[in-house]
>>> print(open('structure.txt').read())   # compact mmCIF, C-alpha atoms and all ligand atoms
# COMPACT_ATOMS: atom_id res chain seq x y z
CA MET X 630 24.91 -11.11 -10.65
CA THR X 631 22.68 -8.12 -10.17
CA THR X 632 20.56 -6.34 -12.70
CA PRO X 633 20.01 -2.70 -11.82
CA THR X 634 16.66 -2.64 -13.57
CA THR X 635 15.44 0.45 -11.79
CA PRO X 636 16.92 3.87 -12.48
CA ALA X 637 18.66 5.43 -9.48
CA THR X 638 16.83 8.64 -10.27
CA PRO X 639 13.09 8.22 -9.97
CA GLY X 640 10.97 8.44 -13.10
CA PRO X 641 7.97 10.69 -13.47
CA THR X 642 7.24 12.78 -10.44
CA SER X 643 4.08 14.26 -9.18
CA ALA X 644 4.93 17.91 -9.08
CA PRO X 645 1.65 19.75 -9.36
CA ASP X 646 1.43 21.17 -12.82
CA GLU X 647 -1.43 23.52 -12.14
CA GLU X 648 -1.74 26.64 -10.00
CA GLY X 649 1.86 27.76 -10.38
CA GLY X 650 3.74 24.48 -9.76
CA PRO X 651 6.37 23.85 -7.08
CA LEU X 652 8.33 26.59 -5.38
CA PRO X 653 11.85 27.26 -6.71
CA LEU X 654 14.36 24.71 -5.35
CA ALA X 655 11.53 22.41 -4.20
CA PRO X 656 12.91 19.32 -6.02
CA THR X 657 16.42 19.99 -4.65
CA ILE X 658 15.25 20.40 -1.06
CA ASP X 659 13.05 17.33 -1.47
CA ARG X 660 16.01 15.26 -2.72
CA PHE X 661 18.22 16.26 0.23
CA MET X 662 15.47 15.48 2.71
CA GLU X 663 15.07 12.04 1.17
CA LEU X 664 18.83 11.42 1.20
CA ALA X 665 18.94 12.15 4.94
CA VAL X 666 15.88 9.87 5.49
CA ALA X 667 14.66 11.18 8.89
CA PRO X 668 13.64 14.67 7.65
CA SER X 669 11.78 12.97 4.83
CA TRP X 670 10.01 10.15 6.63
CA SER X 671 9.19 12.04 9.84
CA ARG X 672 6.39 14.57 10.17
CA LEU X 673 8.73 17.21 8.73
CA GLY X 674 8.37 15.51 5.33
CA PRO X 675 4.72 16.30 4.62
CA ALA X 676 4.89 19.57 6.56
CA LEU X 677 7.55 20.97 4.20
CA ARG X 678 6.44 19.28 0.99
CA ARG X 679 2.89 20.55 1.41
CA HIS X 680 4.28 24.07 0.92
CA LEU X 681 7.14 23.26 -1.45
CA PHE X 682 4.84 21.50 -3.91
CA ARG X 683 1.70 23.49 -3.11
CA TRP X 684 -0.40 20.46 -2.23
CA ASP X 685 -3.20 22.69 -1.02
CA ASP X 686 -3.65 24.09 -4.53
CA GLU X 687 -4.86 20.68 -5.72
CA PRO X 688 -8.63 20.31 -5.62
CA ALA X 689 -10.03 17.66 -3.22
CA PRO X 690 -10.80 14.58 -5.34
CA ARG X 691 -14.37 13.72 -6.31
CA LEU X 692 -14.83 10.03 -7.03
CA ASP X 693 -18.53 9.89 -7.82
CA GLY X 694 -19.43 6.60 -9.50
CA LYS X 695 -16.04 5.03 -8.67
CA VAL X 696 -15.67 1.82 -6.69
CA VAL X 697 -12.73 1.75 -4.29
CA VAL X 698 -11.79 -1.45 -2.44
CA LEU X 699 -9.63 -0.83 0.66
CA THR X 700 -8.22 -3.45 3.02
CA GLY X 701 -7.13 -2.84 6.61
CA PHE X 702 -9.53 0.07 7.22
CA THR X 703 -10.19 -0.59 10.92
CA SER X 704 -7.07 1.09 12.27
CA GLY X 705 -4.21 3.49 11.59
CA LEU X 706 -3.54 4.54 8.03
CA GLY X 707 -6.41 2.56 6.53
CA LEU X 708 -8.90 4.23 8.86
CA ALA X 709 -7.47 7.67 8.12
CA ALA X 710 -7.73 6.94 4.38
CA ALA X 711 -11.28 5.59 4.68
CA LYS X 712 -12.38 8.73 6.53
CA GLN X 713 -10.98 10.94 3.76
CA LEU X 714 -12.34 8.77 0.96
CA ALA X 715 -15.79 8.76 2.57
CA GLY X 716 -16.03 12.42 1.57
CA THR X 717 -15.40 11.85 -2.13
CA GLY X 718 -18.70 10.37 -3.32
CA ALA X 719 -17.12 6.98 -4.05
CA THR X 720 -18.60 3.57 -3.31
CA LEU X 721 -16.20 2.21 -0.70
CA HIS X 722 -15.86 -1.54 -0.31
CA LEU X 723 -14.02 -1.82 3.00
CA VAL X 724 -12.38 -5.05 4.10
CA GLY X 725 -11.52 -5.90 7.71
CA ARG X 726 -10.83 -9.06 9.67
CA ASN X 727 -12.48 -8.20 12.99
CA PRO X 728 -16.32 -8.20 12.64
CA GLU X 729 -16.92 -5.94 15.66
CA LYS X 730 -14.44 -3.31 14.51
CA VAL X 731 -15.77 -3.52 10.95
CA ALA X 732 -19.36 -2.98 12.07
CA ALA X 733 -18.48 -0.11 14.41
CA TRP X 734 -16.42 1.87 11.89
CA ALA X 735 -18.70 1.06 8.94
CA GLU X 736 -21.58 2.81 10.72
CA VAL X 737 -19.56 5.99 11.15
CA LEU X 738 -18.14 5.91 7.64
CA GLN X 739 -21.50 5.08 6.03
CA ALA X 740 -23.01 8.24 7.49
CA ASP X 741 -20.12 10.35 6.15
CA ALA X 742 -20.23 8.64 2.75
CA GLN X 743 -23.97 9.15 2.36
CA ARG X 744 -23.65 12.85 3.17
CA ALA X 745 -21.09 13.10 0.33
CA GLY X 746 -23.22 11.11 -2.14
CA GLY X 747 -21.33 7.82 -1.79
CA SER X 748 -21.84 4.58 0.10
CA VAL X 749 -20.04 1.92 2.12
CA VAL X 750 -20.07 -1.86 1.71
CA THR X 751 -18.03 -4.13 3.99
CA SER X 752 -16.55 -7.61 3.89
CA ILE X 753 -14.78 -9.69 6.49
CA ALA X 754 -11.58 -11.47 5.50
CA ASP X 755 -8.18 -12.26 6.93
CA LEU X 756 -5.83 -11.57 4.03
CA SER X 757 -3.44 -14.31 5.14
CA ASP X 758 -6.15 -16.97 4.65
CA LEU X 759 -6.23 -17.79 0.95
CA ASP X 760 -9.65 -19.46 1.17
CA ALA X 761 -11.02 -16.31 2.79
CA VAL X 762 -9.41 -14.24 0.00
CA ARG X 763 -11.12 -16.36 -2.66
CA ALA X 764 -14.48 -15.88 -0.92
CA LEU X 765 -13.73 -12.14 -0.61
CA ALA X 766 -13.00 -11.84 -4.32
CA GLU X 767 -16.32 -13.52 -5.11
CA GLU X 768 -18.15 -11.19 -2.76
CA ILE X 769 -16.57 -8.09 -4.28
CA ALA X 770 -17.16 -9.30 -7.84
CA ALA X 771 -20.81 -10.05 -7.03
CA ALA X 772 -21.29 -6.59 -5.50
CA HIS X 773 -19.73 -4.48 -8.29
CA PRO X 774 -19.60 -4.83 -12.09
CA LYS X 775 -16.29 -2.92 -11.99
CA VAL X 776 -13.58 -1.96 -9.49
CA ASP X 777 -11.78 1.32 -10.17
CA VAL X 778 -9.22 1.16 -7.37
CA LEU X 779 -7.99 -1.76 -5.29
CA VAL X 780 -5.91 -0.76 -2.27
CA HIS X 781 -3.85 -3.33 -0.40
CA ASN X 782 -3.23 -1.57 2.89
CA ALA X 783 -3.73 -4.35 5.48
CA GLY X 784 -0.53 -5.41 7.16
CA ALA X 785 1.25 -6.01 10.44
CA LEU X 786 4.70 -6.59 11.83
CA SER X 787 4.45 -9.62 14.08
CA ARG X 788 7.41 -10.61 16.21
CA SER X 789 6.44 -14.25 16.63
CA ARG X 790 6.03 -16.70 13.78
CA THR X 791 2.53 -17.96 13.02
CA THR X 792 1.07 -19.73 10.03
CA SER X 793 -2.08 -19.24 7.98
CA PRO X 794 -4.84 -21.89 7.71
CA GLN X 795 -2.98 -23.11 4.61
CA GLY X 796 0.24 -23.53 6.63
CA ILE X 797 2.01 -20.52 5.08
CA GLU X 798 4.04 -18.14 7.29
CA THR X 799 1.56 -15.36 8.11
CA THR X 800 3.62 -12.29 7.20
CA VAL X 801 4.26 -13.41 3.64
CA ALA X 802 0.74 -14.80 3.34
CA ALA X 803 -0.92 -11.53 4.44
CA HIS X 804 1.37 -9.08 2.60
CA VAL X 805 2.28 -10.95 -0.57
CA LEU X 806 0.15 -13.99 -1.35
CA GLY X 807 -3.28 -12.76 -0.18
CA PRO X 808 -2.99 -9.47 -2.11
CA PHE X 809 -1.55 -11.30 -5.15
CA LEU X 810 -4.50 -13.69 -5.20
CA LEU X 811 -7.08 -10.96 -4.62
CA THR X 812 -5.61 -8.80 -7.40
CA THR X 813 -5.55 -11.74 -9.82
CA LEU X 814 -9.14 -12.71 -9.09
CA LEU X 815 -10.35 -9.12 -9.43
CA LEU X 816 -8.54 -8.37 -12.71
CA PRO X 817 -11.72 -8.73 -14.81
CA ARG X 818 -13.45 -6.17 -12.57
CA LEU X 819 -10.46 -3.81 -12.74
CA GLU X 820 -10.38 -4.11 -16.52
CA ALA X 821 -14.10 -3.40 -16.61
CA ALA X 822 -13.40 -0.04 -14.96
CA GLY X 823 -11.47 1.10 -18.07
CA LYS X 824 -8.59 3.54 -18.23
CA GLY X 825 -7.58 4.88 -14.85
CA ALA X 826 -8.08 1.63 -12.94
CA ARG X 827 -5.28 1.05 -10.47
CA VAL X 828 -3.94 -1.27 -7.79
CA LEU X 829 -2.09 0.44 -4.93
CA THR X 830 -0.08 -1.41 -2.30
CA MET X 831 1.06 0.06 1.00
CA SER X 832 4.62 -1.18 1.33
CA SER X 833 7.22 0.16 3.76
CA GLY X 834 10.51 2.04 3.76
CA GLY X 835 11.78 -0.99 5.70
CA MET X 836 12.00 -2.78 2.37
CA TYR X 837 15.09 -0.70 1.47
CA ALA X 838 17.06 -2.96 3.82
CA GLU X 839 16.27 -6.16 1.94
CA ARG X 840 17.07 -7.67 -1.42
CA LEU X 841 14.56 -9.97 -3.06
CA SER X 842 15.40 -13.63 -2.50
CA VAL X 843 12.49 -15.93 -3.19
CA ASP X 844 14.11 -18.81 -1.31
CA ASP X 845 14.28 -16.68 1.87
CA LEU X 846 10.89 -15.01 1.57
CA GLU X 847 8.90 -17.46 3.66
CA MET X 848 10.91 -17.65 6.88
CA GLY X 849 10.91 -20.92 8.76
CA PRO X 850 10.83 -21.31 12.56
CA ASP X 851 14.63 -21.52 12.92
CA GLY X 852 15.97 -18.05 13.64
CA TYR X 853 12.67 -16.42 12.74
CA ASN X 854 12.85 -12.63 12.89
CA GLY X 855 9.55 -10.79 12.41
CA THR X 856 11.18 -7.49 11.40
CA ILE X 857 13.19 -9.18 8.65
CA ALA X 858 10.20 -11.25 7.51
CA TYR X 859 8.19 -8.02 7.28
CA ALA X 860 10.90 -6.13 5.36
CA ARG X 861 11.29 -9.02 2.90
CA ALA X 862 7.55 -9.20 2.33
CA LYS X 863 7.45 -5.43 1.74
CA ARG X 864 10.37 -5.72 -0.71
CA ALA X 865 8.49 -8.49 -2.53
CA GLN X 866 5.44 -6.23 -2.88
CA VAL X 867 7.56 -3.60 -4.63
CA GLU X 868 9.31 -6.10 -6.91
CA LEU X 869 5.94 -7.62 -7.83
CA GLY X 870 4.86 -4.20 -9.11
CA HIS X 871 7.27 -4.71 -12.01
CA GLU X 872 5.91 -8.15 -12.75
CA TRP X 873 2.39 -6.79 -12.75
CA ARG X 874 3.56 -4.25 -15.28
CA ARG X 875 4.70 -7.15 -17.49
CA HIS X 876 1.82 -9.54 -16.90
CA GLY X 877 -1.10 -7.32 -15.93
CA PRO X 878 -3.69 -5.92 -18.33
CA GLU X 879 -2.59 -2.78 -20.14
CA GLY X 880 -5.32 -0.53 -18.80
CA VAL X 881 -4.62 -1.23 -15.12
CA ALA X 882 -1.85 0.64 -13.25
CA PHE X 883 0.11 -1.00 -10.43
CA HIS X 884 2.01 1.06 -7.86
CA CYS X 885 3.41 0.73 -4.35
CA LEU X 886 3.95 3.46 -1.80
CA HIS X 887 5.11 3.95 1.74
CA PRO X 888 3.74 6.27 4.40
CA GLY X 889 6.96 7.39 6.07
CA TRP X 890 6.89 6.91 9.84
CA ALA X 891 3.34 7.31 11.15
CA ASP X 892 2.00 6.99 14.66
CA THR X 893 -0.47 4.11 14.42
CA PRO X 894 -1.55 1.19 16.65
CA GLY X 895 0.42 -1.04 14.27
CA VAL X 896 3.69 0.75 15.10
CA VAL X 897 2.93 0.80 18.84
CA GLU X 898 2.39 -2.96 18.75
CA GLY X 899 4.96 -4.07 16.19
CA LEU X 900 7.83 -1.68 16.99
CA PRO X 901 7.33 -0.43 20.58
CA GLY X 902 10.99 0.62 21.02
CA PHE X 903 10.99 2.57 17.77
CA HIS X 904 7.70 4.17 18.75
CA ARG X 905 9.08 5.29 22.13
CA LEU X 906 12.21 6.70 20.51
CA THR X 907 10.60 8.53 17.61
CA GLY X 908 7.17 9.40 19.09
CA PRO X 909 7.42 13.19 18.80
CA ILE X 910 8.56 13.16 15.17
CA LEU X 911 6.09 10.58 13.87
CA ARG X 912 3.48 11.60 11.33
CA THR X 913 -0.19 11.56 12.18
CA PRO X 914 -2.15 8.73 10.50
CA GLU X 915 -3.70 11.38 8.23
CA GLU X 916 -0.26 12.56 7.11
CA GLY X 917 0.82 8.94 6.60
CA ALA X 918 -2.28 8.23 4.51
CA ASP X 919 -2.10 11.44 2.44
CA THR X 920 -0.26 9.96 -0.53
CA LEU X 921 -2.50 6.91 -0.59
CA VAL X 922 -5.63 9.06 -0.81
CA TRP X 923 -3.95 11.28 -3.41
CA MET X 924 -3.00 8.25 -5.52
CA VAL X 925 -6.56 6.91 -5.36
CA GLY X 926 -7.95 10.11 -6.82
CA VAL X 927 -5.25 11.59 -9.03
CA ASP X 928 -5.40 11.41 -12.82
CA VAL X 929 -3.62 8.16 -13.68
CA HIS X 930 -1.21 9.78 -16.16
CA ARG X 931 0.49 11.54 -13.22
CA LEU X 932 1.54 8.19 -11.79
CA GLY X 933 3.60 7.29 -14.87
CA ALA X 934 4.43 3.71 -15.84
CA SER X 935 3.42 0.90 -13.49
CA GLY X 936 5.95 -0.35 -10.96
CA GLY X 937 6.41 2.91 -9.06
CA PHE X 938 7.29 3.32 -5.39
CA TRP X 939 5.90 6.54 -3.89
CA LEU X 940 6.27 8.73 -0.83
CA ASP X 941 4.74 12.15 -0.29
CA ARG X 942 3.18 12.36 -3.76
CA ARG X 943 6.48 11.74 -5.54
CA ARG X 944 7.93 8.70 -7.17
CA ARG X 945 11.04 7.45 -5.35
CA THR X 946 13.95 5.21 -6.02
CA GLU X 947 13.43 1.57 -5.03
CA HIS X 948 17.05 1.05 -3.98
CA LYS X 949 19.10 3.19 -1.65
CA VAL X 950 22.09 0.86 -1.89
CA PRO X 951 23.28 -1.07 -4.96
CA TRP X 952 23.23 -4.53 -3.36
CA THR X 953 19.43 -4.67 -3.05
CA HIS X 954 18.89 -4.87 -6.81
CA PRO X 955 17.35 -8.26 -7.51
CA PRO X 956 19.45 -11.03 -9.02
CA ALA X 957 18.67 -11.72 -12.67
CA GLY X 958 15.46 -13.69 -13.05
CA GLU X 959 14.46 -13.29 -9.39
CA ARG X 960 11.36 -11.22 -10.09
CA GLU X 961 10.20 -13.84 -12.57
CA ARG X 962 10.81 -16.50 -9.91
CA LEU X 963 8.74 -14.46 -7.46
CA TRP X 964 5.88 -14.29 -9.93
CA ALA X 965 6.00 -18.06 -10.50
CA TRP X 966 6.25 -18.67 -6.72
CA CYS X 967 3.19 -16.51 -6.03
CA ARG X 968 1.18 -18.33 -8.68
CA GLN X 969 2.24 -21.70 -7.37
CA ARG X 970 1.67 -20.89 -3.66
CA THR X 971 -1.77 -19.41 -4.35
CA GLY X 972 -2.80 -22.40 -6.45
CA LEU X 973 -3.09 -20.33 -9.63
CA ALA X 974 -0.28 -22.08 -11.53
N1 LIG F 1 2.57 3.24 10.39
C1 LIG F 1 3.72 3.25 9.75
O1 LIG F 1 4.64 4.04 10.06
C2 LIG F 1 3.95 2.31 8.61
C3 LIG F 1 5.21 2.34 7.99
C4 LIG F 1 5.43 1.52 6.88
C5 LIG F 1 4.39 0.73 6.41
N2 LIG F 1 3.20 0.70 7.04
C6 LIG F 1 2.15 -0.17 6.47
O2 LIG F 1 0.91 0.51 6.44
C7 LIG F 1 -0.18 -0.41 6.51
C8 LIG F 1 -1.12 0.01 7.61
O3 LIG F 1 -0.42 -0.09 8.85
P1 LIG F 1 -0.78 0.78 10.13
O4 LIG F 1 0.47 1.39 10.59
O5 LIG F 1 -1.96 1.63 9.85
O6 LIG F 1 -1.13 -0.38 11.16
P2 LIG F 1 -2.44 -0.71 12.00
O7 LIG F 1 -2.89 0.49 12.74
O8 LIG F 1 -2.15 -1.94 12.79
O9 LIG F 1 -3.52 -1.08 10.88
C9 LIG F 1 -3.37 -2.25 10.13
C10 LIG F 1 -4.69 -2.65 9.51
O10 LIG F 1 -4.49 -3.86 8.77
C11 LIG F 1 -5.38 -4.86 9.28
N3 LIG F 1 -4.76 -6.17 9.15
C12 LIG F 1 -3.55 -6.56 9.62
N4 LIG F 1 -3.31 -7.83 9.29
C13 LIG F 1 -4.39 -8.26 8.58
C14 LIG F 1 -4.74 -9.47 7.96
N5 LIG F 1 -3.94 -10.54 8.02
N6 LIG F 1 -5.92 -9.56 7.32
C15 LIG F 1 -6.75 -8.49 7.26
N7 LIG F 1 -6.49 -7.31 7.84
C16 LIG F 1 -5.31 -7.20 8.49
C17 LIG F 1 -5.67 -4.46 10.71
O11 LIG F 1 -6.84 -5.06 11.19
P3 LIG F 1 -7.21 -5.05 12.77
O12 LIG F 1 -7.72 -3.67 13.05
O13 LIG F 1 -8.26 -6.08 12.87
O14 LIG F 1 -5.96 -5.37 13.51
C18 LIG F 1 -5.76 -2.96 10.55
O15 LIG F 1 -7.01 -2.59 10.01
C19 LIG F 1 0.47 -1.78 6.74
O16 LIG F 1 0.58 -2.46 5.52
C20 LIG F 1 1.85 -1.42 7.27
O17 LIG F 1 2.79 -2.44 7.03
C21 LIG F 1 2.95 1.48 8.13
>>> encode(input="structure.txt", output="structure tokens", more="lines below")
Ligand SMILES: NC(=O)c1ccc[n+]([C@@H]2O[C@H](COP(=O)([O-])OP(=O)(O)OC[C@H]3O[C@@H](n4cnc5c(N)ncnc54)[C@H](OP(=O)(O)O)[C@@H]3O)[C@@H](O)[C@H]2O)c1
Amino acid sequence: MTTPTTPATPGPTSAPDEEGGPLPLAPTIDRFMELAVAPSWSRLGPALRRHLFRWDDEPAPRLDGKVVVLTGFTSGLGLAAAKQLAGTGATLHLVGRNPEKVAAWAEVLQADAQRAGGSVVTSIADLSDLDAVRALAEEIAAAHPKVDVLVHNAGALSRSRTTSPQGIETTVAAHVLGPFLLTTLLLPRLEAAGKGARVLTMSSGGMYAERLSVDDLEMGPDGYNGTIAYARAKRAQVELGHEWRRHGPEGVAFHCLHPGWADTPGVVEGLPGFHRLTGPILRTPEEGADTLVWMVGVDVHRLGASGGFWLDRRRRTEHKVPWTHPPAGERERLWAWCRQRTGLA
């Protein structure tokens, strides 16, 4: 049995409500682009929506005094986001897994952040290693009395199956369990930030292909398929947003988003055929990261109720076909599974 718990029509949208609002027909054009997928997820998406919804009328965010934690900042979308956030006055706590890359980019970003009145702190952690995530949470909590924004951006599509130090399949460990544990351990710091605190997770449009099935989430070695493992993990991230809405503290917002198709080292490595085929229409990393940066800085009331899935500054449906709605009780099972696998239960 399926429970269509999410409305087919997205909830609150992000149409700018100042400086004149969207152009006439903007929502209609936007809906048709999204229905056809490629015009929406390619570089055409942000190019058109920027004008349709007058993105340039929105002031650049200032985040003075805010603490923003961002994972996966050493490449692609995370790096593009970190560069933009370095100009906002925020304290950026940037998390990477490769010490050399972390040190090299931190130096560049620190200089930018200081010029804008902010600062950069770094930590090293592989998000698939739950012991490393526990140590990371302690480090972040020791460094900041509050965390305003926690961004789970780190991720990769790996074609071969590997396991984490705890013996968990790496894709689900890095995308689902590591972020779940980090969020849980940082909840007191997020609550300390007060109204406006938020947790943002970079999911993927690939999740539209999968339905949540907790029993199939951690793929075994037999018939392992990295693309499917990735899409299932990304689906789980989105479904967990609803559980966070139920279980999380009231003052903290939880949302997922996807970047469309962006030209990043992650796509070159994880989907080389797709990259060759779609190269000219892919978004730049900056275009792919635009909505993430916008969601970090925007007034929280514009995001609406927790559990949203966003693309190009608008809330989107979580299901493009009816059969991906989760079976009754499956989200609750996912929540219990995450708690059990991370040792929190
Ligand atoms: N690009 C797209 O079109 C697209 C589409 C849908 C979703 N996404 C999602 O967007 C996010 C960013 O991807 P991207 O395209 O920017 O890829 P990318 O260029 O490969 O960047 C991924 C970042 O995540 C880090 N990372 C990966 N696995 C990690 C782990 N286990 N622990 C800690 N850090 C880890 C990488 O670190 P290293 O630098 O050390 O490798 C890198 O900083 C991912 O979650 C991805 O699934 C991207």
>>> closest_residue(input="structure.txt", among="X:Thr913, X:Thr920, X:Gln713, X:Ser787", to="X:Leu900", atoms="all atoms listed in the file")
X:Ser787
>>> residues_near_ligand(input="structure.txt", ligand="ligand LIG 1 (chain F)", cutoff="8 Å", atoms="all atoms listed in the file", output="ChimeraX atom specification")
/X:700-708,724-727,730,754-758,781-786,799-800,802-804,830-835,859,863,887-896,898,911-912,914,917
>>> closest_residue(input="structure.txt", among="X:Arg744, X:Arg827, X:Arg660, X:Arg960", to="X:Met924", atoms="all atoms listed in the file")
X:Arg827
>>> atom_distance(input="structure.txt", atom1="atom CA of X:Ser793", atom2="atom CA of X:Ala858")
14.7 Å
>>> closest_residue(input="structure.txt", among="X:Arg788, X:Arg944, X:Arg864, X:Arg875", to="X:Glu839", atoms="all atoms listed in the file")
X:Arg864
>>> residues_around(input="structure.txt", residues="X:Ile769", least_positions_apart="4", cutoff="12 Å", atoms="all atoms listed in the file", output="PyMOL selection string")
chain X and resi 696-699+720-724+750-754+762-765+773-776+779+811-812+814-819
>>> decode(input="structure.txt", residues="stretch 779-812 of chain X", atoms="C-alpha atoms", output="PDB file, in the first residue's frame")
ATOM      1  CA  LEU X 779      24.355  22.961   8.836  1.00  0.00           C
ATOM      2  CA  VAL X 780      24.823  22.009   5.185  1.00  0.00           C
ATOM      3  CA  HIS X 781      25.253  18.379   4.174  1.00  0.00           C
ATOM      4  CA  ASN X 782      26.746  18.721   0.721  1.00  0.00           C
ATOM      5  CA  ALA X 783      29.475  16.036   0.671  1.00  0.00           C
ATOM      6  CA  GLY X 784      28.668  13.131  -1.595  1.00  0.00           C
ATOM      7  CA  ALA X 785      29.857  10.947  -4.432  1.00  0.00           C
ATOM      8  CA  LEU X 786      28.584   8.387  -6.887  1.00  0.00           C
ATOM      9  CA  SER X 787      30.953   5.449  -6.708  1.00  0.00           C
ATOM     10  CA  ARG X 788      30.612   2.620  -9.192  1.00  0.00           C
ATOM     11  CA  SER X 789      32.331  -0.015  -7.075  1.00  0.00           C
ATOM     12  CA  ARG X 790      31.141  -1.142  -3.669  1.00  0.00           C
ATOM     13  CA  THR X 791      33.283  -0.241  -0.662  1.00  0.00           C
ATOM     14  CA  THR X 792      32.578  -0.245   3.041  1.00  0.00           C
ATOM     15  CA  SER X 793      33.209   2.245   5.826  1.00  0.00           C
ATOM     16  CA  PRO X 794      35.472   1.499   8.828  1.00  0.00           C
ATOM     17  CA  GLN X 795      32.292   0.312  10.576  1.00  0.00           C
ATOM     18  CA  GLY X 796      31.579  -2.147   7.739  1.00  0.00           C
ATOM     19  CA  ILE X 797      28.651  -0.157   6.291  1.00  0.00           C
ATOM     20  CA  GLU X 798      28.293   0.250   2.507  1.00  0.00           C
ATOM     21  CA  THR X 799      29.983   3.598   1.816  1.00  0.00           C
ATOM     22  CA  THR X 800      27.294   5.339  -0.243  1.00  0.00           C
ATOM     23  CA  VAL X 801      24.612   4.955   2.399  1.00  0.00           C
ATOM     24  CA  ALA X 802      27.114   5.648   5.176  1.00  0.00           C
ATOM     25  CA  ALA X 803      28.327   8.923   3.614  1.00  0.00           C
ATOM     26  CA  HIS X 804      24.964  10.252   2.381  1.00  0.00           C
ATOM     27  CA  VAL X 805      22.525   9.022   5.008  1.00  0.00           C
ATOM     28  CA  LEU X 806      24.082   7.769   8.235  1.00  0.00           C
ATOM     29  CA  GLY X 807      26.988  10.217   8.612  1.00  0.00           C
ATOM     30  CA  PRO X 808      24.756  13.272   8.056  1.00  0.00           C
ATOM     31  CA  PHE X 809      22.035  11.783  10.294  1.00  0.00           C
ATOM     32  CA  LEU X 810      24.530  11.299  13.122  1.00  0.00           C
ATOM     33  CA  LEU X 811      26.128  14.715  12.669  1.00  0.00           C
ATOM     34  CA  THR X 812      22.734  16.441  12.657  1.00  0.00           C
TER      35      THR X 812
END
